[in-house]
file entry.txt (compact mmCIF, C-alpha atoms)
# COMPACT_ATOMS: atom_id res chain seq x y z
CA MET I 54 1.36 56.05 -10.81
CA ASP I 55 0.57 53.76 -13.72
CA LEU I 56 0.63 50.76 -11.38
CA ILE I 57 -1.76 52.48 -8.99
CA PHE I 58 -4.25 53.27 -11.76
CA GLN I 59 -3.84 49.72 -13.07
CA GLY I 60 -4.58 48.37 -9.58
CA ILE I 61 -7.69 50.54 -9.25
CA ALA I 62 -8.90 49.39 -12.67
CA GLU I 63 -8.33 45.73 -11.76
CA ALA I 64 -10.14 46.24 -8.45
CA PHE I 65 -13.21 47.55 -10.31
CA GLN I 66 -13.03 44.61 -12.73
CA LEU I 67 -12.87 42.17 -9.84
CA PHE I 68 -15.93 43.77 -8.27
CA ILE I 69 -17.87 43.92 -11.55
CA HIS I 70 -17.11 40.38 -12.70
CA GLY I 71 -17.28 38.90 -9.20
CA ASP I 72 -14.12 36.77 -9.37
CA PRO I 73 -14.97 33.68 -7.25
CA GLU I 74 -11.43 33.22 -5.92
CA VAL I 75 -11.15 36.84 -4.81
CA LEU I 76 -14.60 36.61 -3.22
CA ARG I 77 -13.61 33.45 -1.36
CA VAL I 78 -10.35 35.00 -0.14
CA THR I 79 -12.19 38.14 0.97
CA LEU I 80 -14.86 36.21 2.86
CA LEU I 81 -12.24 34.00 4.52
CA THR I 82 -10.27 37.08 5.56
CA LEU I 83 -13.35 38.67 7.06
CA GLY I 84 -14.46 35.41 8.69
CA VAL I 85 -11.21 34.55 10.47
CA SER I 86 -10.56 38.15 11.55
CA LEU I 87 -14.04 38.70 12.97
CA SER I 88 -13.93 35.31 14.71
CA ALA I 89 -10.55 36.08 16.28
CA THR I 90 -11.73 39.54 17.34
CA ALA I 91 -14.91 38.14 18.93
CA ILE I 92 -12.99 35.49 20.88
CA SER I 93 -10.37 38.02 21.98
CA LEU I 94 -13.13 40.44 22.98
CA ILE I 95 -14.83 37.94 25.28
CA ILE I 96 -11.59 36.77 26.91
CA GLY I 97 -9.86 40.16 26.89
CA ILE I 98 -12.64 42.18 28.49
CA THR I 99 -13.14 39.52 31.15
CA LEU I 100 -9.43 39.21 31.90
CA GLY I 101 -8.79 42.95 31.82
CA THR I 102 -11.71 43.66 34.14
CA VAL I 103 -10.69 40.99 36.65
CA ILE I 104 -7.08 42.21 36.75
CA GLY I 105 -8.20 45.82 36.98
CA LEU I 106 -10.52 45.20 39.95
CA THR I 107 -8.37 42.82 42.00
CA ARG I 108 -5.00 42.93 43.69
CA PHE I 109 -2.88 39.77 43.95
CA HIS I 110 0.73 38.64 44.11
CA GLY I 111 2.41 38.81 40.71
CA ARG I 112 -0.13 41.28 39.30
CA GLN I 113 2.53 43.75 38.17
CA PHE I 114 4.43 41.00 36.36
CA LEU I 115 1.22 39.86 34.62
CA VAL I 116 0.41 43.42 33.54
CA SER I 117 3.92 43.82 32.15
CA LEU I 118 3.44 40.62 30.13
CA ILE I 119 0.17 41.98 28.72
CA ASN I 120 1.83 45.28 27.79
CA THR I 121 4.69 43.39 26.15
CA GLY I 122 2.20 41.29 24.20
CA MET I 123 0.63 44.45 22.79
CA GLY I 124 3.82 45.05 20.82
CA SER I 125 4.75 41.45 19.98
CA PRO I 126 5.84 40.95 16.33
CA PRO I 127 3.19 38.88 14.50
CA VAL I 128 5.85 36.71 12.87
CA VAL I 129 7.12 35.69 16.33
CA VAL I 130 3.56 34.91 17.40
CA GLY I 131 3.16 32.81 14.26
CA LEU I 132 6.34 30.92 15.07
CA MET I 133 5.28 30.16 18.64
CA VAL I 134 1.79 29.05 17.58
CA SER I 135 3.36 26.86 14.88
CA VAL I 136 5.57 25.17 17.47
CA PHE I 137 2.49 24.27 19.50
CA LEU I 138 0.39 23.17 16.51
CA TRP I 139 3.00 21.12 14.62
CA ARG I 140 2.41 17.36 14.65
CA SER I 141 5.24 16.93 17.16
CA GLY I 142 4.00 19.85 19.25
CA PRO I 143 1.86 19.77 22.42
CA LEU I 144 -1.33 20.47 20.44
CA GLY I 145 -0.41 18.53 17.33
CA PHE I 146 -3.14 15.97 17.99
CA LEU I 147 -5.73 18.64 17.13
CA HIS I 148 -4.48 18.73 13.51
CA LEU I 149 -5.06 22.48 13.23
CA MET I 150 -1.87 23.37 11.37
CA TYR I 151 -2.48 24.85 7.91
CA THR I 152 -6.18 25.35 8.55
CA PRO I 153 -8.30 28.52 8.96
CA ALA I 154 -8.66 27.59 12.64
CA ALA I 155 -4.89 27.91 13.06
CA ILE I 156 -5.06 31.44 11.64
CA VAL I 157 -7.82 32.29 14.12
CA VAL I 158 -5.66 30.99 16.99
CA ALA I 159 -2.65 33.05 15.89
CA GLN I 160 -4.76 36.17 15.42
CA CYS I 161 -6.30 35.70 18.86
CA VAL I 162 -2.84 35.63 20.39
CA ILE I 163 -2.03 38.89 18.58
CA SER I 164 -5.21 40.79 19.45
CA LEU I 165 -5.85 39.44 22.96
CA PRO I 166 -3.12 41.50 24.71
CA ILE I 167 -4.33 44.66 22.93
CA ILE I 168 -7.94 44.27 24.04
CA THR I 169 -6.93 43.08 27.52
CA GLY I 170 -4.49 45.96 28.00
CA CYS I 171 -6.98 48.60 26.83
CA THR I 172 -9.69 47.14 29.06
CA LEU I 173 -7.33 47.09 32.03
CA ALA I 174 -6.34 50.73 31.44
CA SER I 175 -9.99 51.78 31.13
CA ILE I 176 -11.01 50.04 34.36
CA GLN I 177 -8.06 51.50 36.26
CA GLN I 178 -9.03 55.03 35.23
CA ILE I 179 -12.40 54.75 36.99
CA ASP I 180 -12.52 56.58 40.33
CA PRO I 181 -12.33 54.01 43.17
CA LYS I 182 -14.97 56.04 45.01
CA LEU I 183 -17.43 55.22 42.23
CA ARG I 184 -16.88 51.50 42.81
CA LEU I 185 -17.50 51.93 46.54
CA GLN I 186 -20.64 53.93 45.84
CA ILE I 187 -22.00 51.25 43.49
CA VAL I 188 -21.31 48.52 46.06
CA SER I 189 -22.87 50.61 48.86
CA LEU I 190 -26.08 50.82 46.82
CA GLY I 191 -26.37 47.03 47.05
CA ALA I 192 -24.99 46.02 43.66
CA SER I 193 -23.59 42.51 43.37
CA ARG I 194 -20.10 41.92 42.04
CA LEU I 195 -21.52 40.90 38.67
CA GLN I 196 -23.63 44.07 38.53
CA LEU I 197 -20.58 46.13 39.49
CA VAL I 198 -18.57 44.66 36.63
CA TRP I 199 -21.42 45.25 34.17
CA ILE I 200 -21.79 48.90 35.20
CA LEU I 201 -18.04 49.56 34.96
CA VAL I 202 -17.77 47.89 31.55
CA ARG I 203 -20.76 49.84 30.29
CA ASP I 204 -19.26 53.11 31.53
CA THR I 205 -16.01 52.37 29.68
CA ARG I 206 -17.68 51.25 26.44
CA LEU I 207 -16.17 54.07 24.37
CA PRO I 208 -12.51 53.14 24.99
CA LEU I 209 -13.47 49.47 24.77
CA LEU I 210 -14.88 50.00 21.27
CA ALA I 211 -11.62 51.73 20.37
CA ALA I 212 -9.82 48.64 21.70
CA VAL I 213 -11.95 46.43 19.48
CA MET I 214 -11.06 48.55 16.44
CA ALA I 215 -7.37 48.39 17.35
CA GLY I 216 -7.53 44.63 17.86
CA PHE I 217 -9.37 44.04 14.60
CA GLY I 218 -6.99 46.29 12.67
CA SER I 219 -3.94 44.53 14.09
CA ILE I 220 -5.01 41.09 12.89
CA ILE I 221 -6.72 41.72 9.56
CA SER I 222 -3.61 43.53 8.33
CA GLU I 223 -0.96 41.09 9.54
CA VAL I 224 0.67 38.62 7.19
CA GLY I 225 3.51 36.84 9.01
CA ALA I 226 1.47 34.74 11.42
CA ALA I 227 -1.25 33.94 8.86
CA MET I 228 1.33 32.68 6.37
CA MET I 229 3.26 30.62 8.93
CA VAL I 230 0.32 28.79 10.48
CA GLY I 231 -2.00 28.84 7.46
CA GLY I 232 0.50 28.07 4.73
CA ASN I 233 -1.20 30.37 2.16
CA ILE I 234 -2.90 27.36 0.54
CA GLU I 235 -5.06 28.30 -2.43
CA GLY I 236 -8.72 27.54 -1.86
CA HIS I 237 -8.16 26.72 1.79
CA THR I 238 -6.13 29.17 3.91
CA ARG I 239 -5.25 32.02 1.56
CA VAL I 240 -6.33 35.43 2.90
CA LEU I 241 -5.98 38.89 1.39
CA THR I 242 -2.66 39.76 3.02
CA THR I 243 -0.96 36.51 2.04
CA ALA I 244 -2.46 36.75 -1.44
CA ILE I 245 -0.95 40.23 -1.83
CA VAL I 246 2.50 38.95 -0.84
CA LEU I 247 2.15 36.08 -3.32
CA GLU I 248 1.13 38.35 -6.21
CA VAL I 249 4.01 40.75 -5.49
CA SER I 250 6.49 37.85 -5.50
CA LYS I 251 5.10 36.83 -8.92
CA GLY I 252 5.46 40.37 -10.25
CA HIS I 253 1.69 40.94 -10.56
CA PHE I 254 1.76 44.38 -8.98
CA GLY I 255 -1.52 45.51 -10.51
CA LEU I 256 -3.43 42.60 -8.99
CA ALA I 257 -1.60 43.06 -5.68
CA ILE I 258 -2.69 46.71 -5.55
CA ALA I 259 -6.25 45.67 -6.42
CA LEU I 260 -6.26 43.20 -3.53
CA GLY I 261 -4.80 45.90 -1.29
CA ILE I 262 -7.65 48.24 -2.24
CA ILE I 263 -10.18 45.52 -1.40
CA LEU I 264 -8.45 44.93 1.95
CA MET I 265 -8.49 48.63 2.82
CA ALA I 266 -12.15 48.90 1.81
CA LEU I 267 -12.94 45.93 4.05
CA VAL I 268 -11.11 47.46 7.01
CA TYR I 269 -12.85 50.80 6.43
CA LEU I 270 -16.34 49.26 6.32
CA VAL I 271 -15.87 47.30 9.55
CA THR I 272 -14.26 50.27 11.28
CA LEU I 273 -17.07 52.53 10.04
CA VAL I 274 -19.68 50.28 11.65
CA LEU I 275 -17.77 50.21 14.95
CA THR I 276 -17.27 54.00 14.81
CA MET I 277 -20.98 54.56 14.29
CA VAL I 278 -21.74 52.38 17.31
CA GLN I 279 -19.12 54.23 19.33
CA GLN I 280 -20.36 57.70 18.44
CA ARG I 281 -23.98 56.70 18.99
CA SER I 282 -23.05 55.45 22.46
CA LYS I 283 -21.24 58.73 23.11
CA ALA I 284 -24.31 60.73 22.13
CA ARG I 285 -26.33 58.91 24.75
call {"tool": "encode", "arguments": {"input": "entry.txt", "output": "structure tokens"}}
result
Amino acid sequence: MDLIFQGIAEAFQLFIHGDPEVLRVTLLTLGVSLSATAISLIIGITLGTVIGLTRFHGRQFLVSLINTGMGSPPVVVGLMVSVFLWRSGPLGFLHLMYTPAAIVVAQCVISLPIITGCTLASIQQIDPKLRLQIVSLGASRLQLVWILVRDTRLPLLAAVMAGFGSIISEVGAAMMVGGNIEGHTRVLTTAIVLEVSKGHFGLAIALGIILMALVYLVTLVLTMVQQRSKAR
């Protein structure tokens, strides 16, 4: 209990004094996680909608890969992304290893199957008769997709929250591809692991409180949007 109270006290001190390193780490954490979520959202909703509305050879295998990706261990994702981004890897010429961009790539790989899978499930739950009715009214394929996505916005917002939560809280992939470099690629989760390894449990708890507060604020905004959409 003493460590918890110490962590809360240190968290307040960090907020009051505005520690520049903690502020930088917090902003980087928020920046990379929101960027990865936005990229995954664009690709995931598009991919999930296309798969949900079409039938093609190998579709079941592709869906099973997406469902498997939803439960992939982040550390394995980090390893695979590292293999591709190392200097000797296929994408080594991009020089992304140990940069914030590498963390964004790894987090996209983690969140993309979640958002794609949730979108696919939402589209499949729509009554096929509704699709035929929309088409019979003269809607183009693009208009059909827009109407279906709009009608499934509540579960899609839940998918966004799930995707965001899965990447802002992960540590394995961020540490493997980012390297936890101070002033460059250190985020809140990797900073917590570092402080625990150094025996600074009070500071680690303080960083954990900041991380949870950050997750709550972003989730609160998304929840407000979701509930407002539901009210309509």
call {"tool": "closest_residue", "arguments": {"input": "entry.txt", "among": "I:Ser219, I:Gln280, I:Ser141, I:Thr152", "to": "Thr238 (chain I)", "atoms": "all atoms listed in the file"}}
result
I:Thr152
call {"tool": "closest_residue", "arguments": {"input": "entry.txt", "among": "I:Leu207, I:Ile163, I:Val213, I:Val116", "to": "Ile95 (chain I)", "atoms": "all atoms listed in the file"}}
result
I:Val213
call {"tool": "atom_distance", "arguments": {"input": "entry.txt", "atom1": "CA of Val278 (chain I)", "atom2": "CA of Val78 (chain I)"}}
result
27.1 Å
call {"tool": "atom_distance", "arguments": {"input": "entry.txt", "atom1": "CA of Met277 (chain I)", "atom2": "CA of Ala91 (chain I)"}}
result
18.1 Å
call {"tool": "closest_residue", "arguments": {"input": "entry.txt", "among": "I:Val246, I:Leu106, I:Ala226, I:Met214", "to": "Leu270 (chain I)", "atoms": "only C-alpha atoms"}}
result
I:Met214
call {"tool": "atom_distance", "arguments": {"input": "entry.txt", "atom1": "CA of Ser125 (chain I)", "atom2": "CA of Gly232 (chain I)"}}
result
20.7 Å
call {"tool": "closest_residue", "arguments": {"input": "entry.txt", "among": "I:Leu138, I:Leu210, I:Ala159, I:Ile220", "to": "Thr276 (chain I)", "atoms": "all atoms listed in the file"}}
result
I:Leu210
call {"tool": "closest_residue", "arguments": {"input": "entry.txt", "among": "I:Gly122, I:Gly218, I:Gly231, I:Pro181", "to": "Pro166 (chain I)", "atoms": "all atoms listed in the file"}}
result
I:Gly122
call {"tool": "closest_residue", "arguments": {"input": "entry.txt", "among": "I:Thr243, I:Trp199, I:Leu94, I:Leu144", "to": "Val162 (chain I)", "atoms": "only C-alpha atoms"}}
result
I:Leu94
call {"tool": "residues_around", "arguments": {"input": "entry.txt", "residues": "Val240 (chain I)", "least_positions_apart": "5", "cutoff": "12 Å", "atoms": "all atoms listed in the file", "output": "count of residues only"}}
result
38
call {"tool": "build_atoms", "arguments": {"input": "entry.txt", "residues": "region 89-119 of chain I", "atoms": "N, CA and C atoms", "output": "short mmCIF file (atom, residue, chain, number, x, y, z; two decimals), in the coordinates of the input"}}
result
data_model
loop_
_atom_site.label_atom_id
_atom_site.label_comp_id
_atom_site.auth_asym_id
_atom_site.auth_seq_id
_atom_site.Cartn_x
_atom_site.Cartn_y
_atom_site.Cartn_z
N ALA I 89 -11.64 35.84 15.34
CA ALA I 89 -10.55 36.08 16.28
C ALA I 89 -10.84 37.29 17.15
N THR I 90 -11.41 38.34 16.56
CA THR I 90 -11.73 39.54 17.34
C THR I 90 -12.80 39.24 18.37
N ALA I 91 -13.83 38.48 18.00
CA ALA I 91 -14.91 38.14 18.93
C ALA I 91 -14.38 37.32 20.11
N ILE I 92 -13.55 36.33 19.81
CA ILE I 92 -12.99 35.49 20.88
C ILE I 92 -12.10 36.32 21.80
N SER I 93 -11.26 37.16 21.20
CA SER I 93 -10.37 38.02 21.98
C SER I 93 -11.16 39.02 22.81
N LEU I 94 -12.29 39.48 22.27
CA LEU I 94 -13.13 40.44 22.98
C LEU I 94 -13.71 39.82 24.24
N ILE I 95 -14.23 38.61 24.12
CA ILE I 95 -14.83 37.94 25.28
C ILE I 95 -13.78 37.67 26.35
N ILE I 96 -12.65 37.10 25.94
CA ILE I 96 -11.59 36.77 26.91
C ILE I 96 -10.91 38.03 27.43
N GLY I 97 -10.62 38.97 26.52
CA GLY I 97 -9.86 40.16 26.89
C GLY I 97 -10.59 41.07 27.84
N ILE I 98 -11.88 41.32 27.59
CA ILE I 98 -12.64 42.18 28.49
C ILE I 98 -12.78 41.53 29.86
N THR I 99 -13.03 40.23 29.88
CA THR I 99 -13.14 39.52 31.15
C THR I 99 -11.83 39.57 31.94
N LEU I 100 -10.74 39.24 31.25
CA LEU I 100 -9.43 39.21 31.90
C LEU I 100 -9.00 40.60 32.35
N GLY I 101 -9.18 41.59 31.48
CA GLY I 101 -8.79 42.95 31.82
C GLY I 101 -9.58 43.51 32.98
N THR I 102 -10.87 43.19 33.04
CA THR I 102 -11.71 43.66 34.14
C THR I 102 -11.32 43.01 35.46
N VAL I 103 -11.07 41.71 35.43
CA VAL I 103 -10.69 40.99 36.65
C VAL I 103 -9.37 41.53 37.19
N ILE I 104 -8.39 41.71 36.30
CA ILE I 104 -7.08 42.21 36.75
C ILE I 104 -7.20 43.64 37.25
N GLY I 105 -8.05 44.43 36.59
CA GLY I 105 -8.20 45.82 36.98
C GLY I 105 -8.89 46.00 38.33
N LEU I 106 -9.74 45.06 38.72
CA LEU I 106 -10.52 45.20 39.95
C LEU I 106 -9.92 44.45 41.14
N THR I 107 -8.93 43.62 40.89
CA THR I 107 -8.37 42.82 42.00
C THR I 107 -6.89 43.12 42.19
N ARG I 108 -6.42 42.80 43.35
CA ARG I 108 -5.00 42.93 43.69
C ARG I 108 -4.50 41.57 44.16
N PHE I 109 -3.40 41.08 43.59
CA PHE I 109 -2.88 39.77 43.95
C PHE I 109 -1.38 39.76 43.69
N HIS I 110 -0.72 38.78 44.25
CA HIS I 110 0.73 38.64 44.11
C HIS I 110 1.08 38.30 42.65
N GLY I 111 2.00 39.02 42.09
CA GLY I 111 2.41 38.81 40.71
C GLY I 111 1.60 39.61 39.71
N ARG I 112 0.72 40.49 40.20
CA ARG I 112 -0.13 41.28 39.30
C ARG I 112 0.70 42.18 38.40
N GLN I 113 1.70 42.83 38.96
CA GLN I 113 2.53 43.75 38.17
C GLN I 113 3.27 43.01 37.06
N PHE I 114 3.74 41.81 37.37
CA PHE I 114 4.43 41.00 36.36
C PHE I 114 3.46 40.61 35.24
N LEU I 115 2.22 40.24 35.61
CA LEU I 115 1.22 39.86 34.62
C LEU I 115 0.86 41.04 33.72
N VAL I 116 0.72 42.23 34.32
CA VAL I 116 0.41 43.42 33.54
C VAL I 116 1.55 43.74 32.58
N SER I 117 2.78 43.56 33.03
CA SER I 117 3.92 43.82 32.15
C SER I 117 3.95 42.84 30.98
N LEU I 118 3.52 41.59 31.21
CA LEU I 118 3.44 40.62 30.13
C LEU I 118 2.38 41.03 29.11
N ILE I 119 1.25 41.52 29.61
CA ILE I 119 0.17 41.98 28.72
C ILE I 119 0.65 43.15 27.88
#
